[in-house]
$ cat structure-v3.cif   # mmCIF, C-alpha atoms
data_run
#
loop_
_atom_site.label_atom_id
_atom_site.label_comp_id
_atom_site.auth_asym_id
_atom_site.auth_seq_id
_atom_site.Cartn_x
_atom_site.Cartn_y
_atom_site.Cartn_z
CA MET A 1057 89.56 129.95 103.92
CA LYS A 1058 89.52 126.22 103.44
CA LYS A 1059 89.05 123.95 106.40
CA GLY A 1060 89.21 120.18 106.59
CA LEU A 1061 89.94 117.51 109.13
CA PHE A 1062 92.99 115.48 108.31
CA LEU A 1063 92.63 112.09 109.97
CA LEU A 1064 96.09 110.58 110.30
CA THR A 1065 96.59 107.22 108.62
CA SER A 1066 99.45 104.74 108.76
CA LEU A 1067 100.79 106.13 105.36
CA THR A 1068 100.86 109.71 106.65
CA ALA A 1069 102.06 108.77 110.19
CA LEU A 1070 99.22 107.99 112.62
CA VAL A 1071 99.90 110.00 115.78
CA LEU A 1072 99.58 107.74 118.78
CA LEU A 1073 100.45 109.69 121.89
CA THR A 1074 101.42 108.19 125.24
CA SER A 1075 99.40 108.33 128.44
CA CYS A 1076 99.93 108.30 132.16
CA GLY A 1077 97.17 108.18 134.73
CA LYS A 1078 93.50 107.72 133.96
CA TYR A 1079 93.12 110.18 131.16
CA GLY A 1080 96.55 110.19 129.55
CA THR A 1081 99.22 112.86 129.19
CA ASP A 1082 98.11 116.27 127.99
CA LEU A 1083 100.64 116.52 125.19
CA PRO A 1084 99.52 119.93 123.90
CA GLU A 1085 100.37 121.26 127.36
CA LYS A 1086 103.46 119.13 127.94
CA TYR A 1087 104.99 120.16 124.61
CA LYS A 1088 103.53 123.65 124.48
CA GLY A 1089 106.93 125.21 123.87
CA PHE A 1090 107.53 123.18 120.73
CA ILE A 1091 103.96 123.58 119.47
CA ASP A 1092 104.09 127.35 120.10
CA TYR A 1093 107.32 127.52 118.10
CA VAL A 1094 105.97 125.46 115.21
CA TYR A 1095 102.51 126.99 114.84
CA GLY A 1096 103.10 130.42 116.37
CA ASN A 1097 102.26 131.38 119.93
CA GLY A 1098 98.58 132.29 120.01
CA GLU A 1099 98.12 131.46 116.33
CA TYR A 1100 96.61 127.99 116.75
CA THR A 1101 93.86 126.42 118.81
CA VAL A 1102 93.59 123.06 120.55
CA GLU A 1103 90.22 121.44 121.16
CA GLU A 1104 89.88 118.30 123.25
CA THR A 1105 87.12 116.22 121.66
CA ARG A 1106 87.31 112.90 123.48
CA SER A 1107 88.63 111.57 126.80
CA SER A 1108 88.16 108.04 128.09
CA GLU A 1109 88.91 107.02 131.66
CA GLU A 1110 88.43 103.38 130.71
CA THR A 1111 90.96 103.26 127.85
CA GLY A 1112 93.25 106.12 128.87
CA GLN A 1113 92.80 107.67 125.44
CA LYS A 1114 92.39 111.31 124.52
CA GLU A 1115 91.68 113.10 121.29
CA TRP A 1116 92.36 116.69 120.26
CA TYR A 1117 92.22 118.77 117.12
CA VAL A 1118 94.97 121.31 116.55
CA THR A 1119 93.72 123.99 114.15
CA PHE A 1120 96.08 126.41 112.40
CA SER A 1121 96.50 128.42 109.21
CA ASP A 1122 99.30 128.15 106.67
CA LYS A 1123 101.14 130.99 104.95
CA ASN A 1124 98.42 131.17 102.29
CA ASP A 1125 95.71 131.56 104.95
CA ASN A 1126 94.31 128.05 104.38
CA GLU A 1127 92.99 126.60 107.63
CA HIS A 1128 93.73 123.01 108.63
CA SER A 1129 92.79 120.79 111.58
CA VAL A 1130 94.99 117.86 112.53
CA GLN A 1131 93.79 115.11 114.83
CA LEU A 1132 95.88 113.96 117.80
CA LEU A 1133 95.17 110.73 119.66
CA THR A 1134 96.58 109.43 122.90
CA ASN A 1135 96.88 105.76 123.67
CA LYS A 1136 98.24 103.80 126.59
CA TYR A 1137 101.98 103.18 126.37
CA GLU A 1138 101.38 99.50 127.11
CA ASN A 1139 99.61 99.22 123.76
CA GLU A 1140 102.52 100.76 121.85
CA LYS A 1141 105.64 99.76 123.78
CA GLU A 1142 106.69 97.22 121.16
CA TYR A 1143 107.50 100.22 118.93
CA PHE A 1144 109.20 102.46 121.51
CA ASN A 1145 111.77 101.91 124.24
CA SER A 1146 110.21 104.51 126.53
CA LYS A 1147 107.16 106.69 126.97
CA LYS A 1148 109.39 109.70 126.39
CA ALA A 1149 110.42 108.39 122.98
CA MET A 1150 106.78 107.81 122.14
CA ASP A 1151 105.83 111.33 123.27
CA THR A 1152 108.51 113.13 121.30
CA GLY A 1153 107.96 110.98 118.23
CA ALA A 1154 104.24 111.64 118.29
CA VAL A 1155 104.61 115.39 118.64
CA TYR A 1156 107.13 115.52 115.80
CA SER A 1157 104.81 113.42 113.64
CA LEU A 1158 102.08 115.96 114.31
CA TYR A 1159 104.42 118.56 112.83
CA THR A 1160 105.48 116.55 109.76
CA THR A 1161 101.87 115.65 109.02
CA SER A 1162 100.97 119.33 109.10
CA VAL A 1163 103.84 120.09 106.72
CA SER A 1164 102.70 117.31 104.40
CA TYR A 1165 99.17 118.58 104.07
CA ILE A 1166 100.26 122.17 103.48
CA ALA A 1167 102.59 120.95 100.73
CA GLU A 1168 99.86 118.80 99.17
CA GLN A 1169 97.42 121.71 99.13
CA ASP A 1170 100.01 124.03 97.58
CA ILE A 1171 101.00 121.57 94.85
CA TYR A 1172 97.39 120.89 93.98
CA ASP A 1173 96.55 124.60 93.81
CA ASN A 1174 99.62 125.71 91.86
CA VAL A 1175 100.57 122.70 89.73
CA ILE A 1176 98.02 119.90 89.50
CA SER A 1177 94.97 122.13 89.02
CA LYS A 1178 96.48 123.41 85.77
CA TYR A 1179 96.06 119.94 84.28
CA PHE A 1180 93.47 118.06 86.35
CA LYS A 1181 90.33 119.37 88.02
CA CYS A 1182 89.16 117.29 90.97
CA GLU A 1183 85.62 117.27 92.28
CA ASN A 1184 86.38 116.58 95.93
CA HIS A 1185 89.73 118.09 96.79
CA GLU A 1186 89.37 117.87 100.56
CA GLU A 1187 92.14 117.03 102.98
CA ASP A 1188 90.24 114.15 104.58
CA GLU A 1189 89.83 112.43 101.21
CA ILE A 1190 92.37 109.71 100.36
CA GLY A 1191 91.74 110.00 96.62
CA HIS A 1192 90.64 113.04 94.63
CA GLU A 1193 88.16 112.15 91.88
CA GLY A 1194 87.86 113.82 88.49
CA ASP A 1195 86.19 113.14 85.17
CA GLY A 1196 87.61 109.76 84.18
CA PHE A 1197 90.47 109.71 86.68
CA LYS A 1198 91.54 109.70 90.33
CA ILE A 1199 94.58 111.37 91.87
CA ASN A 1200 96.41 110.35 95.03
CA LEU A 1201 98.89 112.90 96.31
CA PHE A 1202 101.08 112.51 99.38
CA PHE A 1203 104.11 114.15 100.94
CA TYR A 1204 105.79 111.78 103.39
CA SER A 1205 108.56 112.57 105.87
CA VAL A 1206 111.09 109.77 106.26
CA VAL A 1207 111.80 111.04 109.79
CA ASP A 1208 109.30 108.50 111.06
CA MET A 1209 108.38 108.04 114.72
CA TYR A 1210 108.13 104.29 114.19
CA ASP A 1211 111.66 103.96 112.75
CA GLU A 1212 114.16 103.63 115.58
CA ARG A 1213 116.90 105.03 113.34
CA CYS A 1214 115.17 108.42 113.54
CA ALA A 1215 114.73 108.54 117.32
CA SER A 1216 117.74 110.71 118.17
CA ASP A 1217 116.95 113.16 115.37
CA ILE A 1218 113.36 113.48 116.54
CA GLU A 1219 114.37 114.06 120.15
CA LYS A 1220 116.84 116.78 119.16
CA ARG A 1221 114.37 118.56 116.90
CA VAL A 1222 111.57 118.60 119.45
CA ASN A 1223 113.78 119.56 122.37
CA GLU A 1224 115.67 122.28 120.48
CA ASN A 1225 112.88 123.54 118.18
CA ASP A 1226 115.08 122.46 115.29
CA CYS A 1227 112.65 122.63 112.35
CA MET A 1228 110.91 125.05 110.02
CA LYS A 1229 107.99 127.03 111.35
CA ILE A 1230 104.62 126.36 109.75
CA SER A 1231 104.60 129.98 108.49
CA GLU A 1232 107.63 129.08 106.33
CA VAL A 1233 106.18 125.92 104.80
CA ASP A 1234 104.77 125.44 101.30
CA GLY A 1235 105.11 122.95 98.46
CA LYS A 1236 108.48 124.35 97.46
CA THR A 1237 110.05 123.94 100.88
CA ALA A 1238 108.79 120.36 101.27
CA GLY A 1239 109.53 119.38 97.67
CA SER A 1240 113.11 120.63 97.95
CA ASP A 1241 113.69 118.99 101.34
CA LYS A 1242 115.68 115.75 101.12
CA GLU A 1243 113.67 114.27 104.01
CA TYR A 1244 110.32 114.40 102.20
CA VAL A 1245 109.06 112.22 99.37
CA MET A 1246 106.28 113.42 97.08
CA THR A 1247 104.07 110.70 95.63
CA PHE A 1248 101.68 111.43 92.77
CA ILE A 1249 99.52 108.58 91.47
CA LEU A 1250 97.16 109.12 88.57
CA THR A 1251 94.66 106.31 87.99
CA ILE A 1252 92.90 106.50 84.61
CA HIS A 1253 89.39 105.05 84.60
CA ASP A 1254 88.41 106.14 81.09
CA GLU A 1255 90.66 104.12 78.78
CA SER A 1256 89.55 106.12 75.74
CA ARG A 1257 91.31 109.16 77.24
CA LYS A 1258 94.54 107.36 78.10
CA ASP A 1259 96.74 109.35 75.69
CA GLU A 1260 95.21 112.65 76.80
CA PHE A 1261 95.79 111.96 80.49
CA LEU A 1262 99.27 110.54 79.93
CA GLU A 1263 100.30 113.66 78.03
CA LYS A 1264 98.99 115.83 80.86
CA ALA A 1265 100.84 113.76 83.45
CA GLU A 1266 104.12 114.15 81.60
CA ALA A 1267 103.59 117.91 81.35
CA LEU A 1268 102.71 117.99 85.04
CA ILE A 1269 106.06 116.42 85.97
CA ALA A 1270 107.92 119.16 84.13
CA GLU A 1271 105.68 121.79 85.73
CA TYR A 1272 106.30 120.36 89.20
CA GLU A 1273 110.07 120.37 88.75
CA GLU A 1274 110.02 123.95 87.53
CA TYR A 1275 107.76 125.05 90.39
CA ILE A 1276 109.89 123.41 93.08
CA GLU A 1277 113.11 124.65 91.43
CA ASN A 1278 115.27 122.13 93.28
CA PRO A 1279 113.14 118.96 93.57
CA GLN A 1280 114.63 116.20 95.71
CA ASN A 1281 112.54 113.02 96.00
CA TYR A 1282 109.41 111.97 94.17
CA ARG A 1283 107.42 109.15 92.69
CA PHE A 1284 105.17 109.84 89.69
CA VAL A 1285 103.00 106.91 88.61
CA VAL A 1286 100.24 106.58 86.02
CA ILE A 1287 97.97 103.53 86.22
CA LEU A 1288 95.43 102.44 83.62
CA ASN A 1289 92.39 100.83 85.20
CA LYS A 1290 90.82 98.40 82.72
CA GLY A 1291 88.24 97.01 85.14
CA SER A 1292 87.28 96.47 88.76
CA SER A 1293 89.83 93.70 89.36
CA VAL A 1294 93.31 94.48 90.65
CA THR A 1295 94.73 92.30 87.87
CA ASN A 1296 93.21 94.68 85.30
CA LYS A 1297 95.38 97.58 86.43
CA GLU A 1298 98.44 98.37 84.34
CA THR A 1299 101.23 100.79 85.22
CA ILE A 1300 101.87 102.73 82.02
CA MET A 1301 104.32 105.32 83.32
CA GLN A 1302 106.52 105.77 86.37
CA LYS A 1303 109.35 108.14 87.18
CA TYR A 1304 111.44 108.46 90.33
CA LEU A 1305 113.78 111.12 91.65
CA LEU A 1306 116.26 110.54 94.48
CA PHE A 1307 118.08 113.58 95.86
CA GLY A 1308 117.51 115.45 92.62
CA GLU A 1309 118.71 112.67 90.30
CA ASP A 1310 116.73 110.21 88.19
CA PHE A 1311 116.40 106.96 90.12
CA ASP A 1312 115.91 103.44 88.75
CA LEU A 1313 113.91 101.71 91.47
CA GLU A 1314 113.81 98.35 89.70
CA ALA A 1315 117.58 98.33 89.28
CA ARG A 1316 118.05 99.10 92.98
CA LYS A 1317 115.66 96.29 93.94
CA ALA A 1318 117.65 93.87 91.77
CA GLU A 1319 120.90 95.11 93.28
CA LEU A 1320 119.59 94.53 96.80
CA GLY A 1321 117.89 91.26 95.91
CA LYS A 1322 114.57 92.49 97.26
CA ASP A 1323 111.13 91.96 95.78
CA LYS A 1324 109.73 94.90 97.70
CA TYR A 1325 111.52 98.23 97.98
CA SER A 1326 110.29 101.79 97.66
CA ILE A 1327 111.57 105.29 97.04
CA ILE A 1328 110.74 106.05 100.68
CA ALA A 1329 112.96 103.17 101.80
CA ALA A 1330 115.72 104.35 99.45
CA VAL A 1331 115.65 107.87 100.89
CA THR A 1332 115.54 106.58 104.47
CA ASP A 1333 118.43 104.18 103.88
CA ALA A 1334 120.49 106.90 102.22
CA ILE A 1335 120.03 109.26 105.16
CA TYR A 1336 120.13 106.84 108.09
CA GLY A 1337 121.85 103.75 106.71
CA GLU A 1338 120.35 100.36 105.99
#

$ encode --input "structure-v3.cif" --output "structure tokens"
Amino acid sequence: MKKGLFLLTSLTALVLLTSCGKYGTDLPEKYKGFIDYVYGNGEYTVEETRSSEETGQKEWYVTFSDKNDNEHSVQLLTNKYENEKEYFNSKKAMDTGAVYSLYTTSVSYIAEQDIYDNVISKYFKCENHEEDEIGHEGDGFKINLFFYSVVDMYDERCASDIEKRVNENDCMKISEVDGKTAGSDKEYVMTFILTIHDESRKDEFLEKAEALIAEYEEYIENPQNYRFVVILNKGSSVTNKETIMQKYLLFGEDFDLEARKAELGKDKYSIIAAVTDAIYGE
């Protein structure tokens, strides 16, 4: 059994839940039907760890196990709607978006754990593979691994989808989730970033990264969206970092991100934006 505390960040969808009254809305109770469906009735626990009358904030940890019996704890935070209303047109939209983000974040970590255990560990051994670590360190390298759902609570294009899925329990159950289901889902993007710190081992690590891509595709069977990047770190300065390999997949096909950026006339564009635009329109 492996347990960690996954603290939500802006990259992995920080869950800011709405409040009403002094202590905020009890979202685990308000959305118990959806949470029961997702995690299994009686198969998860909710612990309230903080409640502030002054700020109207609350904090919980939802703890559950995945299909491989790995245990995870995901943090939920409430915040006053007044502090977040620039992002949402109603408290209801904020509530449903937050609860769905709780779900997608749980899916993301399960997928990350599965891909590390069954793919990455064959090529790279990390010293601190814990779910609350942003980067996983190894001998001469660091790995960043993320699964990101483009059905984002902060993107208004996704609002109707989120409402439907939460209200109708229209999503996979956690017991069905692993790296294969997320990696073959068109709404998730897998990002793998290998940063090489030991330049003398550049060729060794690059060869492993290329083999890892092939291994990942074979493991997923029908991979949809990903970003594989290898960076050579030649020093402490940002200017001393060189991207020596990158590969993108969009809906199962090789994707030229630079060509798309040129086509759109944008200096900044990402595979996540490309997937979101393809599904929801620009």

$ resolve_selection --input "structure-v3.cif" --expression "the PyMOL selection byres ((chain A and resi 1212) around 12)" --output "MDAnalysis selection string"
chainID A and resid 1142:1146 1149:1150 1153 1206:1211 1213:1219 1332 1336:1338

$ closest_atom_pairs --input "structure-v3.cif" --of "region 1201-1258 of chain A" --to "region 1107-1129 of chain A" --cutoff "7 Å" --atoms "all atoms listed in the file" --output "tab-separated table"
residue	atom	partner	partner_atom	distance
A:Ile1230	CA	A:Asp1122	CA	6.4
A:Ser1231	CA	A:Lys1123	CA	5.1
A:Glu1232	CA	A:Lys1123	CA	6.9

$ closest_atom_pairs --input "structure-v3.cif" --of "region 1129-1198 of chain A" --to "region 1286-1305 of chain A" --cutoff "12 Å" --atoms "all atoms listed in the file" --output "Markdown table"
| residue | atom | partner | partner_atom | distance |
| --- | --- | --- | --- | --- |
| A:Gly1196 | CA | A:Asn1289 | CA | 10.2 |
| A:Phe1197 | CA | A:Asn1289 | CA | 9.2 |
| A:Lys1198 | CA | A:Ile1287 | CA | 9.8 |

$ resolve_selection --input "structure-v3.cif" --expression "the PyMOL selection byres ((chain A and resi 1279) around 12)" --output "VMD selection string"
chain A and resid 1235 to 1246 1269 to 1278 1280 to 1283 1304 to 1310

$ closest_residue --input "structure-v3.cif" --among "A:Ser1256, A:Thr1251, A:Ser1164, A:Thr1105" --to "Leu1132 (chain A)" --atoms "all atoms listed in the file"
A:Thr1105

$ atom_distance --input "structure-v3.cif" --atom1 "CA of Val1331 (chain A)" --atom2 "CA of Leu1250 (chain A)"
22.3 Å

$ residues_around --input "structure-v3.cif" --residues "Ser1162 (chain A)" --least-positions-apart "3" --cutoff "8 Å" --atoms "only C-alpha atoms" --output "MDAnalysis selection string"
chainID A and resid 1130 1158:1159 1165:1166 1230
